[in-house]
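As provided, entry-v5.cif (mmCIF, C-alpha atoms) reads as follows.
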```cif
data_my_file
#
loop_
_atom_site.group_PDB
_atom_site.id
_atom_site.type_symbol
_atom_site.label_atom_id
_atom_site.label_comp_id
_atom_site.auth_asym_id
_atom_site.auth_seq_id
_atom_site.Cartn_x
_atom_site.Cartn_y
_atom_site.Cartn_z
ATOM 1 C CA GLU A 289 -21.424 54.374 113.747
ATOM 2 C CA ALA A 290 -17.776 54.584 112.856
ATOM 3 C CA ALA A 291 -16.698 53.506 109.411
ATOM 4 C CA THR A 292 -14.214 50.664 109.124
ATOM 5 C CA THR A 293 -12.045 49.565 106.263
ATOM 6 C CA ALA A 294 -12.452 46.107 104.832
ATOM 7 C CA ALA A 295 -9.584 43.685 104.866
ATOM 8 C CA PRO A 296 -7.874 43.347 101.503
ATOM 9 C CA SER A 297 -9.095 40.509 99.361
ATOM 10 C CA SER A 298 -6.856 37.506 99.004
ATOM 11 C CA PHE A 299 -7.957 37.094 95.386
ATOM 12 C CA PRO A 300 -5.557 38.502 92.780
ATOM 13 C CA VAL A 301 -6.807 41.351 90.620
ATOM 14 C CA LYS A 302 -6.975 40.348 86.997
ATOM 15 C CA ARG A 303 -7.007 43.044 84.316
ATOM 16 C CA ILE A 304 -9.025 42.228 81.244
ATOM 17 C CA ALA A 305 -9.026 43.934 77.863
ATOM 18 C CA MET A 306 -12.314 44.979 76.370
ATOM 19 C CA THR A 307 -12.916 43.266 73.071
ATOM 20 C CA GLY A 308 -15.257 44.152 70.276
ATOM 21 C CA GLN A 309 -14.661 47.901 70.507
ATOM 22 C CA ARG A 310 -15.045 49.755 67.262
ATOM 23 C CA GLU A 311 -11.988 51.747 66.195
ATOM 24 C CA HIS A 312 -13.599 55.153 66.764
ATOM 25 C CA GLU A 313 -14.638 54.181 70.298
ATOM 26 C CA LYS A 314 -10.969 53.574 71.224
ATOM 27 C CA GLU A 315 -9.940 57.071 70.148
ATOM 28 C CA ARG A 316 -10.274 59.716 72.780
ATOM 29 C CA GLY A 317 -9.589 63.313 71.916
ATOM 30 C CA TRP A 318 -7.123 64.448 69.290
ATOM 31 C CA VAL A 319 -4.911 61.783 67.680
ATOM 32 C CA VAL A 320 -2.201 61.775 65.045
ATOM 33 C CA ALA A 321 -3.662 59.892 62.088
ATOM 34 C CA ASP A 322 -2.626 59.043 58.551
ATOM 35 C CA ARG A 323 -4.723 60.547 55.782
ATOM 36 C CA SER A 324 -3.742 59.840 52.182
ATOM 37 C CA GLY A 325 -0.160 59.179 53.283
ATOM 38 C CA SER A 326 0.167 62.409 55.293
ATOM 39 C CA SER A 327 -0.054 62.914 59.047
ATOM 40 C CA THR A 328 -2.924 64.877 60.524
ATOM 41 C CA LEU A 329 -3.954 65.916 64.016
ATOM 42 C CA THR A 330 -7.530 64.633 64.000
ATOM 43 C CA ARG A 331 -10.648 64.336 66.117
ATOM 44 C CA ARG A 332 -13.677 62.258 65.117
ATOM 45 C CA HIS A 333 -17.198 62.378 66.512
ATOM 46 C CA PRO A 334 -20.531 60.774 65.750
ATOM 47 C CA LEU A 335 -22.889 62.947 63.733
ATOM 48 C CA THR A 336 -26.207 62.937 65.581
ATOM 49 C CA ILE A 337 -29.589 64.604 65.560
ATOM 50 C CA GLU A 338 -31.388 64.429 68.910
ATOM 51 C CA GLY A 339 -29.315 61.393 69.922
ATOM 52 C CA GLU A 340 -29.813 59.422 66.709
ATOM 53 C CA GLU A 341 -26.510 58.618 65.002
ATOM 54 C CA LEU A 342 -26.518 59.596 61.315
ATOM 55 C CA GLY A 343 -22.821 59.195 60.548
ATOM 56 C CA THR A 344 -19.532 60.781 61.610
ATOM 57 C CA PHE A 345 -17.634 64.014 61.225
ATOM 58 C CA GLU A 346 -13.948 64.725 61.514
ATOM 59 C CA VAL A 347 -11.959 67.901 62.157
ATOM 60 C CA SER A 348 -8.273 67.716 61.213
ATOM 61 C CA PHE A 349 -5.197 69.872 61.027
ATOM 62 C CA ALA A 350 -2.815 68.981 58.195
ATOM 63 C CA CYS A 351 0.551 70.462 57.262
ATOM 64 C CA GLY A 352 0.369 73.563 55.106
ATOM 65 C CA ALA A 353 2.640 74.819 52.340
ATOM 66 C CA THR A 354 4.949 76.593 54.828
ATOM 67 C CA SER A 355 5.936 76.057 58.460
ATOM 68 C CA ASN A 356 3.742 79.041 59.370
ATOM 69 C CA ASP A 357 0.428 77.593 58.237
ATOM 70 C CA PHE A 358 -1.763 74.512 58.510
ATOM 71 C CA GLN A 359 -4.808 73.260 56.666
ATOM 72 C CA LEU A 360 -7.972 72.998 58.740
ATOM 73 C CA LEU A 361 -10.154 70.228 57.309
ATOM 74 C CA TYR A 362 -13.763 69.236 58.007
ATOM 75 C CA THR A 363 -15.203 65.974 56.644
ATOM 76 C CA GLU A 364 -18.722 64.691 57.218
ATOM 77 C CA THR A 365 -19.894 61.197 56.257
ATOM 78 C CA ARG A 366 -23.514 60.088 56.523
ATOM 79 C CA ARG A 367 -25.000 56.601 56.470
ATOM 80 C CA ALA A 368 -26.325 55.475 53.101
ATOM 81 C CA SER A 369 -29.904 55.448 54.446
ATOM 82 C CA ASP A 370 -29.780 59.155 55.305
ATOM 83 C CA ALA A 371 -30.245 61.249 52.188
ATOM 84 C CA PRO A 372 -27.792 64.111 52.572
ATOM 85 C CA GLN A 373 -29.004 67.657 52.268
ATOM 86 C CA ALA A 374 -26.618 70.013 50.560
ATOM 87 C CA LEU A 375 -24.144 71.505 53.022
ATOM 88 C CA LYS A 376 -24.416 75.269 52.670
ATOM 89 C CA ALA A 377 -21.664 76.466 55.043
ATOM 90 C CA VAL A 378 -19.074 75.301 57.573
ATOM 91 C CA GLU A 379 -17.580 77.719 60.074
ATOM 92 C CA ILE A 380 -15.108 76.970 62.854
ATOM 93 C CA ARG A 381 -14.657 79.319 65.785
ATOM 94 C CA LEU A 382 -11.096 79.070 67.009
ATOM 95 C CA ALA A 383 -8.887 81.397 69.052
ATOM 96 C CA GLY A 384 -11.611 84.025 69.300
ATOM 97 C CA ARG A 385 -12.335 84.295 65.594
ATOM 98 C CA ALA A 386 -14.675 82.709 63.055
ATOM 99 C CA ILE A 387 -13.057 80.859 60.155
ATOM 100 C CA ALA A 388 -15.293 80.196 57.142
ATOM 101 C CA LEU A 389 -14.233 76.995 55.406
ATOM 102 C CA SER A 390 -14.426 76.556 51.624
ATOM 103 C CA LEU A 391 -16.672 73.706 50.617
ATOM 104 C CA GLY A 392 -15.202 70.988 48.408
ATOM 105 C CA GLN A 393 -17.006 69.618 45.392
ATOM 106 C CA SER A 394 -19.090 66.502 46.111
ATOM 107 C CA PRO A 395 -20.823 64.598 43.333
ATOM 108 C CA ALA A 396 -24.620 64.412 43.547
ATOM 109 C CA GLY A 397 -25.750 61.665 45.899
ATOM 110 C CA GLU A 398 -22.323 61.424 47.562
ATOM 111 C CA ARG A 399 -22.478 60.647 51.273
ATOM 112 C CA THR A 400 -19.259 62.522 52.161
ATOM 113 C CA VAL A 401 -18.837 66.302 52.143
ATOM 114 C CA SER A 402 -15.746 68.295 53.037
ATOM 115 C CA ALA A 403 -14.491 71.810 53.631
ATOM 116 C CA SER A 404 -11.114 73.414 54.322
ATOM 117 C CA ALA A 405 -9.278 76.612 55.261
ATOM 118 C CA VAL A 406 -5.730 77.690 56.075
ATOM 119 C CA VAL A 407 -4.843 78.765 59.628
ATOM 120 C CA ALA A 408 -1.667 80.211 61.089
ATOM 121 C CA ALA A 409 0.664 77.942 63.070
ATOM 122 C CA SER A 410 0.161 80.181 66.103
ATOM 123 C CA VAL A 411 -3.583 79.422 66.059
ATOM 124 C CA LEU A 412 -2.979 75.656 66.148
ATOM 125 C CA LYS A 413 -0.319 75.953 68.861
ATOM 126 C CA ASN A 414 -2.591 78.174 70.974
ATOM 127 C CA PHE A 415 -5.463 75.683 70.626
ATOM 128 C CA ALA A 416 -3.238 72.719 71.518
ATOM 129 C CA ALA A 417 -1.785 74.449 74.598
ATOM 130 C CA SER A 418 -2.054 72.425 77.774
ATOM 131 C CA ALA A 419 -4.766 74.734 79.133
ATOM 132 C CA SER A 420 -8.369 73.787 78.507
ATOM 133 C CA ARG A 421 -9.248 75.193 75.072
ATOM 134 C CA SER A 422 -11.955 74.400 72.549
ATOM 135 C CA LEU A 423 -13.155 75.062 69.038
ATOM 136 C CA THR A 424 -16.725 75.222 67.785
ATOM 137 C CA VAL A 425 -17.881 73.697 64.512
ATOM 138 C CA GLU A 426 -21.026 75.230 63.006
ATOM 139 C CA THR A 427 -22.619 73.687 59.930
ATOM 140 C CA THR A 428 -25.587 74.928 57.948
ATOM 141 C CA LEU A 429 -27.612 72.721 55.608
ATOM 142 C CA GLU A 430 -29.672 74.216 52.780
ATOM 143 C CA ASP A 431 -33.095 73.815 54.379
ATOM 144 C CA ALA A 432 -32.196 73.733 58.074
ATOM 145 C CA GLU A 433 -30.968 75.885 60.911
ATOM 146 C CA ALA A 434 -27.310 75.880 61.845
ATOM 147 C CA ALA A 435 -26.025 73.110 64.101
ATOM 148 C CA ALA A 436 -23.017 73.572 66.374
ATOM 149 C CA ILE A 437 -20.751 71.425 68.524
ATOM 150 C CA ARG A 438 -17.855 72.398 70.735
ATOM 151 C CA LEU A 439 -14.737 70.204 70.731
ATOM 152 C CA GLY A 440 -12.168 70.392 73.498
ATOM 153 C CA ASN A 441 -8.425 69.989 73.040
ATOM 154 C CA THR A 442 -8.062 66.669 74.894
ATOM 155 C CA ASN A 443 -4.759 65.006 73.870
ATOM 156 C CA ALA A 444 -3.893 67.784 71.389
ATOM 157 C CA PHE A 445 -1.021 68.986 73.589
ATOM 158 C CA GLN A 446 0.422 65.461 73.928
ATOM 159 C CA ASN A 447 0.150 64.687 70.193
ATOM 160 C CA LEU A 448 1.234 68.063 68.784
ATOM 161 C CA PRO A 449 5.023 67.375 68.927
ATOM 162 C CA ALA A 450 4.687 64.136 66.905
ATOM 163 C CA PHE A 451 2.451 65.871 64.379
ATOM 164 C CA LEU A 452 4.824 68.833 63.968
ATOM 165 C CA ALA A 453 7.805 66.480 63.611
ATOM 166 C CA SER A 454 5.966 64.598 60.879
ATOM 167 C CA CYS A 455 5.303 67.833 58.995
ATOM 168 C CA ALA A 456 8.992 68.778 59.181
ATOM 169 C CA GLN A 457 10.217 65.293 58.287
ATOM 170 C CA GLN A 458 8.184 64.585 55.157
ATOM 171 C CA GLY A 459 8.343 68.042 53.640
ATOM 172 C CA ARG A 460 5.466 70.455 53.680
ATOM 173 C CA ALA A 461 4.924 70.598 49.910
ATOM 174 C CA ALA A 462 3.676 66.999 49.863
ATOM 175 C CA HIS A 463 1.334 67.660 52.800
ATOM 176 C CA ALA A 464 -0.028 70.860 51.271
ATOM 177 C CA ARG A 465 -1.583 68.861 48.419
ATOM 178 C CA LEU A 466 -3.753 66.931 50.886
ATOM 179 C CA GLN A 467 -7.422 67.274 49.999
ATOM 180 C CA PRO A 468 -10.235 67.204 52.566
#
```

Target format structure tokens, applied to this file:
Amino acid sequence: EAATTAAPSSFPVKRIAMTGQREHEKERGWVVADRSGSSTLTRRHPLTIEGEELGTFEVSFACGATSNDFQLLYTETRRASDAPQALKAVEIRLAGRAIALSLGQSPAGERTVSASAVVAASVLKNFAASASRSLTVETTLEDAEAAAIRLGNTNAFQNLPAFLASCAQQGRAAHARLQP
């Protein structure tokens, strides 16, 4: 039988906004966010083990001390009910090379851990290029195998100009003191 098209409906289309969304569910891809009064190019994800959500992690780029470098920050926050194991190492594979991040000091029993490194501006700009690019985050806990996740560059290209303008506008020295 031949296919036919249906006549258009005489009812008007009404757009509705979804309510009750949590803030992190609204964010898609890389966004420019405020962190301790400084702009960052940030991506957040749920932290899961076999589908069970344990908390969140965040990868961010922050302005560095000069226009030729940026801070690469990793922050992981776990729910209070999940006793955190000590984070042994964080490595990010970006632009064909592995970048070992330095772990920050976290008090015993703290639910948030962080790590950071400095990357060249060219690395960030290459990652944020309009072509499909990704980075891989690999974390190792003291008594566990390494876990890895690959993050694409969705919205990084669109948000990079605003982020770079913010770095230039507020002065890089203030941004360089940003802690993970």

Problem - Atomic distance atom CA of Asp357 of chain A - atom CA of Ser420 of chain A, expressed in Å with one decimal - result: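 Atom CA of Asp357 of chain A sits 22.4 Å away from atom CA of Ser420 of chain A.
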
Practice task
Compare A:Ser390, A:Ala456, A:Ala450, A:Ala435 by their minimum atom-to-atom distance to Gln359 of chain A, counting all atoms listed in the file, and give me the closest one.
Solution key: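 Among the listed residues, the smallest separation from Gln359 of chain A belongs to A:Ser390.
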
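Among the candidate residues A:Phe345, A:Ser418, A:Arg381, A:Lys376, the one lying nearest to Phe445 of chain A is A:Ser418, with distances computed using all atoms listed in the file.
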
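When atom CA of Ser324 of chain A is paired with atom CA of Ala386 of chain A, their separation reads 27.6 Å.
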
To box segment 332-351 of chain A, take all atoms listed in the file, fit an axis-aligned box, add 6 Å on each side, and give centre and edge lengths in Å to one decimal, as lines of an AutoDock Vina configuration file.
```
center_x = -15.4
center_y = 64.5
center_z = 63.6
size_x = 43.9
size_y = 23.8
size_z = 24.7
```

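The coordinates place atom CA of Arg438 of chain A at 6.5 Å from atom CA of Ser422 of chain A.
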
Problem - Selected residue, from A:Ala350, A:Leu382, A:Leu360, A:Leu329, that lies nearest to Ala403 of chain A when counting all atoms listed in the file - result: A:Leu360

Practice task
Using only C-alpha atoms, pick whichever of A:Thr424, A:Thr400, A:Thr365, A:Ser355 has the shortest atom-to-atom distance to Arg385 of chain A.
Solution key: A:Thr424

Practice task
Have a look at A:Val401, A:Leu389, A:Val407, A:Ile337 and name the one nearest to Gly352 of chain A; count all atoms listed in the file.
Solution key: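 Nearest to Gly352 of chain A: A:Val407.
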
Practice task
Please write the residues picked by the PyMOL selection byres ((chain A and resi 417) around 12) on this file as a PyMOL selection string.
Solution key: chain A and resi 383+410-416+418-422+440-449

Take the selection from the previous step and output its residues with C-alpha atoms, as a PDB file, in the coordinates of the input.
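Saved as part03.pdb:
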```pdb
ATOM      1  CA  ALA A 383      -8.887  81.397  69.052  1.00  0.00           C
ATOM      2  CA  SER A 410       0.161  80.181  66.103  1.00  0.00           C
ATOM      3  CA  VAL A 411      -3.583  79.422  66.059  1.00  0.00           C
ATOM      4  CA  LEU A 412      -2.979  75.656  66.148  1.00  0.00           C
ATOM      5  CA  LYS A 413      -0.319  75.953  68.861  1.00  0.00           C
ATOM      6  CA  ASN A 414      -2.591  78.174  70.974  1.00  0.00           C
ATOM      7  CA  PHE A 415      -5.463  75.683  70.626  1.00  0.00           C
ATOM      8  CA  ALA A 416      -3.238  72.719  71.518  1.00  0.00           C
ATOM      9  CA  SER A 418      -2.054  72.425  77.774  1.00  0.00           C
ATOM     10  CA  ALA A 419      -4.766  74.734  79.133  1.00  0.00           C
ATOM     11  CA  SER A 420      -8.369  73.787  78.507  1.00  0.00           C
ATOM     12  CA  ARG A 421      -9.248  75.193  75.072  1.00  0.00           C
ATOM     13  CA  SER A 422     -11.955  74.400  72.549  1.00  0.00           C
ATOM     14  CA  GLY A 440     -12.168  70.392  73.498  1.00  0.00           C
ATOM     15  CA  ASN A 441      -8.425  69.989  73.040  1.00  0.00           C
ATOM     16  CA  THR A 442      -8.062  66.669  74.894  1.00  0.00           C
ATOM     17  CA  ASN A 443      -4.759  65.006  73.870  1.00  0.00           C
ATOM     18  CA  ALA A 444      -3.893  67.784  71.389  1.00  0.00           C
ATOM     19  CA  PHE A 445      -1.021  68.986  73.589  1.00  0.00           C
ATOM     20  CA  GLN A 446       0.422  65.461  73.928  1.00  0.00           C
ATOM     21  CA  ASN A 447       0.150  64.687  70.193  1.00  0.00           C
ATOM     22  CA  LEU A 448       1.234  68.063  68.784  1.00  0.00           C
ATOM     23  CA  PRO A 449       5.023  67.375  68.927  1.00  0.00           C
TER      24      PRO A 449
END
```

Problem - Which of A:Leu423, A:Glu430, A:Thr336, A:Val347 sits closest to Ala321 of chain A [using all atoms listed in the file] - result: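 Going through A:Leu423, A:Glu430, A:Thr336, A:Val347 one by one, the smallest distance to Ala321 of chain A is for A:Val347.
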
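Residues having any atom no farther than 8 Å from (-16.6, 74.8, 61.7) (counting only C-alpha atoms) are A:Tyr362, A:Val378, A:Glu379, A:Ile380, A:Arg381, A:Ile387, A:Ala388, A:Leu389, A:Thr424, A:Val425, A:Glu426, A:Thr427.
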
Could all heavy atoms be built for segment 384-395 of chain A and written out as a compact mmCIF listing (two decimals), in the frame of the given file?
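Saved file rebuild32.txt follows:
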```
# COMPACT_ATOMS: atom_id res chain seq x y z
N GLY A 384 -10.87 82.77 69.27
CA GLY A 384 -11.61 84.02 69.30
C GLY A 384 -12.03 84.58 67.96
O GLY A 384 -12.49 85.71 67.88
N ARG A 385 -11.89 83.79 66.89
CA ARG A 385 -12.34 84.30 65.59
C ARG A 385 -13.05 83.20 64.81
O ARG A 385 -12.84 82.02 65.03
CB ARG A 385 -11.17 84.85 64.79
CG ARG A 385 -10.07 83.88 64.49
CD ARG A 385 -8.92 84.57 63.78
NE ARG A 385 -8.92 84.23 62.37
CZ ARG A 385 -7.90 83.65 61.77
NH1 ARG A 385 -6.81 83.39 62.41
NH2 ARG A 385 -7.96 83.37 60.50
N ALA A 386 -13.92 83.63 63.90
CA ALA A 386 -14.68 82.71 63.06
C ALA A 386 -13.91 82.49 61.76
O ALA A 386 -13.46 83.43 61.12
CB ALA A 386 -16.05 83.27 62.77
N ILE A 387 -13.76 81.23 61.38
CA ILE A 387 -13.06 80.86 60.16
C ILE A 387 -14.06 80.17 59.24
O ILE A 387 -14.55 79.08 59.56
CB ILE A 387 -11.88 79.91 60.45
CG1 ILE A 387 -10.92 80.56 61.45
CG2 ILE A 387 -11.17 79.51 59.17
CD1 ILE A 387 -9.93 79.59 62.06
N ALA A 388 -14.38 80.80 58.12
CA ALA A 388 -15.29 80.20 57.14
C ALA A 388 -14.49 79.23 56.28
O ALA A 388 -13.46 79.61 55.71
CB ALA A 388 -15.93 81.27 56.28
N LEU A 389 -14.93 77.99 56.20
CA LEU A 389 -14.23 77.00 55.41
C LEU A 389 -14.82 76.96 54.00
O LEU A 389 -16.03 77.17 53.82
CB LEU A 389 -14.34 75.61 56.05
CG LEU A 389 -13.36 75.32 57.19
CD1 LEU A 389 -13.59 76.19 58.39
CD2 LEU A 389 -13.42 73.86 57.57
N SER A 390 -13.97 76.69 53.01
CA SER A 390 -14.43 76.56 51.62
C SER A 390 -14.91 75.14 51.40
O SER A 390 -14.21 74.18 51.72
CB SER A 390 -13.27 76.84 50.65
OG SER A 390 -12.81 78.15 50.83
N LEU A 391 -16.11 75.02 50.87
CA LEU A 391 -16.67 73.71 50.62
C LEU A 391 -16.02 73.05 49.41
O LEU A 391 -15.79 73.71 48.39
CB LEU A 391 -18.18 73.80 50.38
CG LEU A 391 -19.01 74.20 51.59
CD1 LEU A 391 -20.44 74.46 51.18
CD2 LEU A 391 -18.94 73.12 52.65
N GLY A 392 -15.73 71.75 49.53
CA GLY A 392 -15.20 70.99 48.41
C GLY A 392 -16.34 70.53 47.51
O GLY A 392 -17.52 70.58 47.90
N GLN A 393 -16.01 70.11 46.33
CA GLN A 393 -17.01 69.62 45.39
C GLN A 393 -17.34 68.16 45.71
O GLN A 393 -16.47 67.33 45.80
CB GLN A 393 -16.49 69.71 43.96
CG GLN A 393 -16.21 71.13 43.50
CD GLN A 393 -17.49 71.94 43.41
OE1 GLN A 393 -18.54 71.44 43.02
NE2 GLN A 393 -17.41 73.20 43.78
N SER A 394 -18.63 67.87 45.89
CA SER A 394 -19.09 66.50 46.11
C SER A 394 -20.08 66.15 45.02
O SER A 394 -21.01 66.90 44.76
CB SER A 394 -19.79 66.37 47.47
OG SER A 394 -18.88 66.61 48.50
N PRO A 395 -19.88 65.01 44.37
CA PRO A 395 -20.82 64.60 43.33
C PRO A 395 -22.22 64.40 43.92
O PRO A 395 -22.36 64.10 45.11
CB PRO A 395 -20.27 63.26 42.84
CG PRO A 395 -18.85 63.23 43.30
CD PRO A 395 -18.78 64.07 44.52
```
